[in-house]
Amino acid sequence: MKEKIHPKYYATTAHCACGAVFDIGSTKEKLHVDICSACHPLFTGKQKLIDSEGRVEKFRKRYANVTLRKPKKTVKKKKTATKTTKAKAKAKK
């Protein structure tokens with residue numbers, strides 16, 4: 001390995017927002033995280049639904065007066081006989 005190109009490696013502690021503290025190795029001296037294995041829904045099995053800023057109510061308020069348009073009726077065109085279908089009809093006779 002080349003010297004003086006790798007970052008310095010520290011034995012540090014990671015502090016989570018939930019209060020958990022982990023001893024880890026990192027290239028940073030101080031480490032603060034928002035979520036860890038102690039509070040992540042995948043590991044705990046508990047689902048936290050956070051409706052920050054009332055996003056659902058904001059969506060409902062924005063689209064409360066919107067009415068749906070009815071789709072336009074399309075008229076199907078009748079198939080016209082082509083030269084190949086006329087030739088096949090004559091061949092059957």
# chains A, B, ... in the order shown; residues from 1 in each chain; ligands from 1
$ residues_around --residues "Lys30 of chain A" --least-positions-apart "4" --cutoff "12 Å" --atoms "only C-alpha atoms" --output "PyMOL selection string"
chain A and resi 9-16+21-26
$ write_last_selection --atoms "C-alpha atoms" --output "tab-separated table (two decimals), in the first residue's frame"
chain	number	residue	atom	x	y	z
A	9	TYR	CA	-8.68	5.72	11.07
A	10	TYR	CA	-10.19	6.40	14.50
A	11	ALA	CA	-11.76	4.18	17.16
A	12	THR	CA	-14.81	6.34	17.90
A	13	THR	CA	-18.34	6.20	19.23
A	14	ALA	CA	-21.46	6.79	17.16
A	15	HIS	CA	-24.32	8.62	18.90
A	16	CYS	CA	-27.86	8.07	17.60
A	21	VAL	CA	-24.21	4.69	21.61
A	22	PHE	CA	-22.01	2.33	19.58
A	23	ASP	CA	-18.24	1.87	19.58
A	24	ILE	CA	-17.09	1.68	15.98
A	25	GLY	CA	-14.14	2.42	13.73
A	26	SER	CA	-14.41	5.36	11.37
$ residues_around --residues "Cys18 of chain A" --least-positions-apart "5" --cutoff "10 Å" --atoms "only C-alpha atoms" --output "number ranges by chain"
A: 33-36, 38-40
$ atom_distance --atom1 "atom CA of Glu29 of chain A" --atom2 "atom CA of Pro41 of chain A"
27.5 Å
$ select_by_dssp --residues "segment 17-71 of chain A" --states "strand (DSSP E or B)" --output "MDAnalysis selection string"
chainID A and resid 21:26 31:33
$ select_by_dssp --residues "chain A" --states "alpha helix (DSSP H)" --output "PyMOL selection string"
chain A and resi 41-44+55-62+83-92
$ atom_distance --atom1 "atom CA of Lys76 of chain A" --atom2 "atom CA of Lys90 of chain A"
27.1 Å
$ closest_residue --among "A:Lys78, A:Lys8, A:Lys46, A:Lys72" --to "Lys28 of chain A" --atoms "only C-alpha atoms"
A:Lys8
